[in-house]
>>> print(open('upload03.txt').read())   # compact mmCIF, C-alpha atoms
# COMPACT_ATOMS: atom_id res chain seq x y z
CA GLN A 22 108.68 140.34 83.10
CA ALA A 23 111.13 138.30 81.00
CA GLU A 24 110.87 134.57 80.44
CA ALA A 25 113.32 132.69 82.64
CA LEU A 26 114.61 129.22 83.43
CA PHE A 27 115.20 128.77 87.16
CA ALA A 28 116.37 126.18 89.69
CA THR A 29 116.39 126.26 93.50
CA PHE A 30 117.78 124.13 96.32
CA ALA A 31 116.47 124.37 99.87
CA LEU A 32 117.24 122.97 103.31
CA GLY A 33 114.75 123.24 106.14
CA GLY A 34 113.95 121.98 109.61
CA GLY A 35 111.73 122.65 112.55
CA ILE A 36 110.45 121.67 115.97
CA GLN A 37 106.83 120.50 116.34
CA ASN A 38 104.37 120.05 119.18
CA TYR A 39 101.61 117.43 118.79
CA ASP A 40 98.25 117.61 120.57
CA MET A 41 96.45 114.31 120.00
CA GLU A 42 93.03 112.91 120.72
CA ARG A 43 91.62 109.39 120.29
CA ILE A 44 87.90 108.73 120.78
CA VAL A 45 86.86 105.39 122.33
CA MET A 46 83.24 104.23 122.83
CA ILE A 47 82.75 103.19 126.47
CA GLY A 48 79.23 102.02 127.32
CA GLY A 49 77.93 103.79 124.23
CA THR A 50 79.54 107.08 125.26
CA PRO A 51 82.38 108.60 123.21
CA THR A 52 85.30 109.13 125.59
CA PRO A 53 88.49 110.97 124.59
CA ALA A 54 92.04 109.87 125.30
CA THR A 55 94.46 112.78 124.97
CA ALA A 56 98.22 113.17 124.76
CA ASP A 57 100.85 115.83 124.14
CA THR A 58 104.37 115.34 122.80
CA ASP A 59 107.13 116.99 120.78
CA GLY A 60 109.08 116.21 117.64
CA TYR A 61 111.35 117.59 114.95
CA SER A 62 111.61 117.53 111.17
CA PHE A 63 114.23 118.04 108.48
CA GLY A 64 114.08 118.23 104.71
CA ALA A 65 115.99 119.07 101.54
CA SER A 66 114.56 119.78 98.12
CA VAL A 67 115.62 120.66 94.58
CA GLU A 68 113.28 122.25 92.07
CA GLY A 69 113.31 123.69 88.58
CA GLY A 70 110.94 125.33 86.16
CA TYR A 71 110.40 127.87 83.43
CA ALA A 72 108.41 131.12 83.54
CA PHE A 73 106.55 131.83 80.28
CA ASP A 74 105.75 135.54 79.98
CA VAL A 75 102.15 136.05 78.79
CA GLY A 76 102.10 139.85 79.11
CA GLY A 77 100.76 142.38 81.59
CA GLY A 78 103.10 141.18 84.33
CA PHE A 79 101.64 137.63 84.22
CA SER A 80 103.55 134.39 83.69
CA ILE A 81 102.62 130.73 83.36
CA VAL A 82 105.15 128.75 85.41
CA PRO A 83 105.38 124.93 85.18
CA ARG A 84 107.84 123.40 87.65
CA GLY A 85 108.92 120.10 89.13
CA SER A 86 110.56 119.14 92.42
CA LEU A 87 112.15 116.31 94.36
CA ALA A 88 112.41 116.39 98.16
CA TYR A 89 113.68 114.20 100.99
CA LEU A 90 111.85 114.60 104.31
CA THR A 91 112.18 113.05 107.75
CA VAL A 92 109.92 113.50 110.78
CA HIS A 93 110.55 112.29 114.33
CA ARG A 94 107.93 112.26 117.08
CA ASP A 95 108.75 111.50 120.72
CA GLY A 96 106.81 108.78 122.52
CA TYR A 97 103.85 109.58 124.76
CA THR A 98 101.28 108.11 127.17
CA GLU A 99 97.58 108.91 126.84
CA THR A 100 95.41 110.20 129.66
CA GLY A 101 91.65 109.99 130.14
CA LEU A 102 90.95 106.25 129.73
CA GLY A 103 92.50 104.78 132.86
CA ALA A 104 93.74 101.24 132.20
CA SER A 105 92.87 101.65 128.51
CA ASN A 106 95.40 104.42 127.96
CA LEU A 107 98.05 103.57 125.37
CA THR A 108 101.79 104.21 125.66
CA VAL A 109 103.27 104.83 122.21
CA GLY A 110 107.00 104.72 121.47
CA ASP A 111 109.10 107.12 119.42
CA THR A 112 108.21 107.32 115.72
CA THR A 113 110.43 108.28 112.80
CA ALA A 114 109.25 108.50 109.20
CA ASP A 115 111.35 109.12 106.07
CA ALA A 116 110.03 109.82 102.59
CA LEU A 117 110.95 110.95 99.11
CA ARG A 118 108.44 113.24 97.41
CA ALA A 119 108.31 114.03 93.69
CA GLY A 120 105.92 116.63 92.41
CA GLY A 121 104.88 118.83 89.54
CA GLU A 122 102.65 121.87 89.37
CA ILE A 123 101.70 124.84 87.25
CA ALA A 124 101.31 128.37 88.58
CA LEU A 125 99.85 131.64 87.38
CA GLU A 126 102.21 134.32 88.66
CA TYR A 127 101.96 138.11 88.65
CA GLN A 128 104.97 140.37 89.20
CA THR A 129 105.29 144.14 89.43
CA GLU A 130 107.73 146.72 90.75
CA VAL A 131 106.86 148.55 93.99
CA SER A 132 108.61 151.23 96.03
CA PHE A 133 110.21 149.71 99.16
CA GLY A 134 113.14 150.75 101.35
CA GLY A 135 114.02 153.74 99.22
CA GLY A 136 114.11 151.80 95.95
CA MET A 137 112.05 149.74 93.52
CA ARG A 138 111.59 146.09 94.48
CA THR A 139 109.77 143.11 92.94
CA PHE A 140 106.38 142.11 94.37
CA SER A 141 105.00 138.74 93.29
CA SER A 142 101.74 136.83 93.84
CA GLU A 143 100.57 133.50 92.50
CA ILE A 144 98.03 130.70 92.54
CA ARG A 145 99.12 127.13 91.81
CA GLY A 146 97.94 123.55 91.51
CA GLY A 147 99.49 120.18 90.78
CA ALA A 148 100.16 116.69 92.07
CA GLN A 149 102.86 114.89 94.06
CA GLN A 150 103.85 111.30 94.73
CA GLU A 151 105.24 110.27 98.10
CA PHE A 152 107.50 107.21 98.44
CA ALA A 153 107.87 105.84 101.98
CA LEU A 154 111.46 104.85 102.85
CA ASP A 155 110.72 102.82 106.01
CA ASP A 156 108.06 100.51 107.45
CA ARG A 157 107.01 103.05 110.12
CA THR A 158 106.54 100.43 112.81
CA VAL A 159 105.89 101.79 116.31
CA GLY A 160 105.76 100.06 119.71
CA VAL A 161 102.45 100.36 121.59
CA SER A 162 101.78 99.10 125.13
CA ASN A 163 98.77 98.93 127.44
CA PRO A 164 98.33 97.51 130.98
CA LEU A 165 95.53 95.22 129.74
CA LEU A 166 96.89 94.16 126.34
CA GLY A 167 100.65 94.15 126.89
CA THR A 168 103.10 95.33 124.23
CA ALA A 169 102.79 95.09 120.44
CA ALA A 170 104.49 96.44 117.32
CA VAL A 171 101.96 98.35 115.22
CA GLN A 172 102.46 98.88 111.50
CA GLY A 173 102.00 102.52 110.52
CA ALA A 174 100.85 103.84 107.16
CA ASP A 175 103.80 103.07 104.87
CA ASP A 176 102.07 102.90 101.50
CA ASP A 177 103.08 105.26 98.71
CA GLU A 178 100.54 107.98 98.08
CA THR A 179 99.52 110.41 95.35
CA GLN A 180 98.17 113.79 96.41
CA LEU A 181 96.67 116.83 94.75
CA THR A 182 98.25 120.14 95.75
CA LEU A 183 96.75 123.63 95.78
CA GLY A 184 98.29 126.87 96.93
CA ALA A 185 98.45 130.66 96.80
CA GLY A 186 100.79 133.29 98.13
CA MET A 187 102.78 136.46 97.73
CA SER A 188 106.34 137.67 98.21
CA LEU A 189 108.39 140.85 98.27
CA GLU A 190 112.06 141.36 97.39
CA VAL A 191 113.34 143.23 100.44
CA SER A 192 117.03 143.47 99.45
CA ASP A 193 119.41 142.42 96.66
CA SER A 194 119.71 138.96 98.23
CA ALA A 195 116.53 138.36 100.26
CA VAL A 196 112.82 137.75 99.60
CA LEU A 197 110.07 137.84 102.25
CA PHE A 198 107.28 135.36 101.46
CA MET A 199 103.98 134.10 102.82
CA GLY A 200 101.53 131.56 101.48
CA TYR A 201 98.93 128.86 101.94
CA ASP A 202 99.20 125.25 100.71
CA ALA A 203 96.77 122.33 100.81
CA GLU A 204 97.47 118.63 100.14
CA ILE A 205 94.59 116.27 99.39
CA GLY A 206 94.97 112.51 98.95
CA GLY A 207 93.16 109.39 100.16
CA ASP A 208 91.98 109.94 103.73
CA GLN A 209 94.59 112.64 104.33
CA ARG A 210 93.98 116.39 104.28
CA SER A 211 96.57 118.95 105.31
CA HIS A 212 96.59 122.74 105.35
CA MET A 213 99.76 124.80 105.84
CA VAL A 214 100.46 128.50 106.26
CA ASN A 215 104.06 129.57 105.59
CA LEU A 216 105.91 132.77 106.42
CA GLY A 217 109.62 133.25 106.00
CA VAL A 218 112.63 134.79 104.25
CA ARG A 219 114.75 133.33 101.43
CA PHE A 220 118.37 134.35 100.98
CA SER A 221 120.65 134.12 97.96
CA LEU A 222 124.34 133.31 98.44
CA VAL A 223 125.14 135.47 95.43
CA ARG A 224 125.01 139.17 96.32
CA GLY A 225 122.80 141.15 93.97
CA ASN A 226 120.92 138.04 92.86
CA ALA A 227 117.77 137.77 94.97
CA PRO A 228 115.89 134.43 94.93
CA ARG A 229 112.95 134.26 92.56
CA ALA A 230 110.13 136.24 94.21
CA SER A 231 107.69 133.38 94.53
CA CYS A 232 106.20 131.63 97.56
CA GLY A 233 105.69 128.26 95.88
CA PRO A 234 109.06 126.55 95.31
CA GLY A 235 111.49 125.60 98.01
CA GLN A 236 109.07 125.19 100.90
CA LEU A 237 109.22 121.91 102.76
CA SER A 238 106.29 120.13 104.37
CA LEU A 239 106.19 116.98 106.45
CA PRO A 240 105.57 113.48 105.10
CA SER A 241 101.81 113.29 104.70
CA ARG A 242 101.44 109.89 106.36
CA THR A 243 103.65 108.99 109.28
CA GLY A 244 101.59 106.42 111.13
CA GLN A 245 100.55 109.04 113.66
CA THR A 246 97.69 111.39 114.39
CA ALA A 247 98.38 115.01 115.14
CA GLY A 248 96.12 117.88 115.99
>>> encode(input="upload03.txt", output="structure tokens")
Amino acid sequence: QAEALFATFALGGGIQNYDMERIVMIGGTPTPATADTDGYSFGASVEGGYAFDVGGGFSIVPRGSLAYLTVHRDGYTETGLGASNLTVGDTTADALRAGGEIALEYQTEVSFGGGMRTFSSEIRGGAQQEFALDDRTVGVSNPLLGTAAVQGADDDETQLTLGAGMSLEVSDSAVLFMGYDAEIGGDQRSHMVNLGVRFSLVRGNAPRASCGPGQLSLPSRTGQTAG
């Protein structure tokens, strides 16, 4: 595997469903309030790095990235607490995220589709800094308390990142990938499993066979609780 300088740009989006639960103590008994709602997300990222060949198919790959992400969640009304149920308005959160990580990558050639294709696997770790771009205020109402504007979590946050994955070059311009990523910071923990295909706009130039770069995740703190 030769040493290589690389850069990638990615656009992504998705539709989410949120199952939420809030526990309230009533007469010493924990009582759940539940809700279900939908949302959507969009993001764009740019990333670059360099693969240092250390022999035997292994490379050390430092890389950095910058991403813009936005998440919208529709409003909802809780059930389960009667007059104590909350009605929460729509929420939108925007963030910039800058990150850096280092990966240990292994690449080899395998027989696939009548030819030899690149198979890649890696483990990675690093850190990222999220910069909130809005105040993430949301309207909350209740039959007993009336209506109020609640300030969501809008502080900037540093997180540790860990991940692993594998990918397979399935054609001259496409790579199938899957992977796992974890983000750890403050009181926030998130775990993500990714599966997808990357395409190159240049025929005969498949994207780098790695499952780390170019994947977009949601802002880690959006002033909301999702299950």
>>> closest_residue(input="upload03.txt", among="A:Leu117, A:Leu102, A:Leu216, A:Leu183", to="Met46 of chain A", atoms="all atoms listed in the file")
A:Leu102
>>> residues_around(input="upload03.txt", residues="segment 130-144 of chain A", least_positions_apart="2", cutoff="8 Å", atoms="all atoms listed in the file", output="number ranges by chain")
A: 124-128, 146, 183-192, 230-232
>>> closest_residue(input="upload03.txt", among="A:Arg145, A:Arg118, A:His93, A:Arg157", to="Tyr201 of chain A", atoms="all atoms listed in the file")
A:Arg145
>>> closest_residue(input="upload03.txt", among="A:Asp115, A:Glu122, A:Asp40, A:Asp95", to="Gly69 of chain A", atoms="all atoms listed in the file")
A:Glu122
>>> closest_residue(input="upload03.txt", among="A:Glu151, A:Glu42, A:Asp59, A:Glu99", to="Asn163 of chain A", atoms="only C-alpha atoms")
A:Glu99
>>> residues_around(input="upload03.txt", residues="Asp111 of chain A", least_positions_apart="2", cutoff="8 Å", atoms="only C-alpha atoms", output="VMD selection string")
chain A and resid 93 to 97 109 113 159 to 160
>>> atom_distance(input="upload03.txt", atom1="atom CA of Asp74 of chain A", atom2="atom CA of Gly147 of chain A")
19.8 Å
>>> atom_distance(input="upload03.txt", atom1="atom CA of Gly60 of chain A", atom2="atom CA of Thr112 of chain A")
9.1 Å
>>> residues_around(input="upload03.txt", residues="Tyr71 of chain A", least_positions_apart="3", cutoff="12 Å", atoms="all atoms listed in the file", output="list of chain:residue names")
A:Ala23, A:Glu24, A:Ala25, A:Leu26, A:Phe27, A:Ala28, A:Thr29, A:Glu68, A:Asp74, A:Ser80, A:Ile81, A:Val82, A:Pro83, A:Arg84, A:Gly85, A:Glu122, A:Ile123, A:Ala124, A:Leu125, A:Glu126, A:Arg229
>>> write_last_selection(input="upload03.txt", atoms="C-alpha atoms", output="PDB file, keeping the file's coordinate frame")
ATOM      1  CA  ALA A  23     111.130 138.300  81.000  1.00  0.00           C
ATOM      2  CA  GLU A  24     110.870 134.570  80.440  1.00  0.00           C
ATOM      3  CA  ALA A  25     113.320 132.690  82.640  1.00  0.00           C
ATOM      4  CA  LEU A  26     114.610 129.220  83.430  1.00  0.00           C
ATOM      5  CA  PHE A  27     115.200 128.770  87.160  1.00  0.00           C
ATOM      6  CA  ALA A  28     116.370 126.180  89.690  1.00  0.00           C
ATOM      7  CA  THR A  29     116.390 126.260  93.500  1.00  0.00           C
ATOM      8  CA  GLU A  68     113.280 122.250  92.070  1.00  0.00           C
ATOM      9  CA  ASP A  74     105.750 135.540  79.980  1.00  0.00           C
ATOM     10  CA  SER A  80     103.550 134.390  83.690  1.00  0.00           C
ATOM     11  CA  ILE A  81     102.620 130.730  83.360  1.00  0.00           C
ATOM     12  CA  VAL A  82     105.150 128.750  85.410  1.00  0.00           C
ATOM     13  CA  PRO A  83     105.380 124.930  85.180  1.00  0.00           C
ATOM     14  CA  ARG A  84     107.840 123.400  87.650  1.00  0.00           C
ATOM     15  CA  GLY A  85     108.920 120.100  89.130  1.00  0.00           C
ATOM     16  CA  GLU A 122     102.650 121.870  89.370  1.00  0.00           C
ATOM     17  CA  ILE A 123     101.700 124.840  87.250  1.00  0.00           C
ATOM     18  CA  ALA A 124     101.310 128.370  88.580  1.00  0.00           C
ATOM     19  CA  LEU A 125      99.850 131.640  87.380  1.00  0.00           C
ATOM     20  CA  GLU A 126     102.210 134.320  88.660  1.00  0.00           C
ATOM     21  CA  ARG A 229     112.950 134.260  92.560  1.00  0.00           C
TER      22      ARG A 229
END
>>> atom_distance(input="upload03.txt", atom1="atom CA of Gly206 of chain A", atom2="atom CA of Pro53 of chain A")
26.5 Å
>>> closest_residue(input="upload03.txt", among="A:Thr179, A:Thr52, A:Gln150, A:Thr91", to="Ala65 of chain A", atoms="all atoms listed in the file")
A:Thr91
>>> closest_residue(input="upload03.txt", among="A:Gly70, A:Gly33, A:Gly200, A:Pro51", to="Gly120 of chain A", atoms="all atoms listed in the file")
A:Gly70
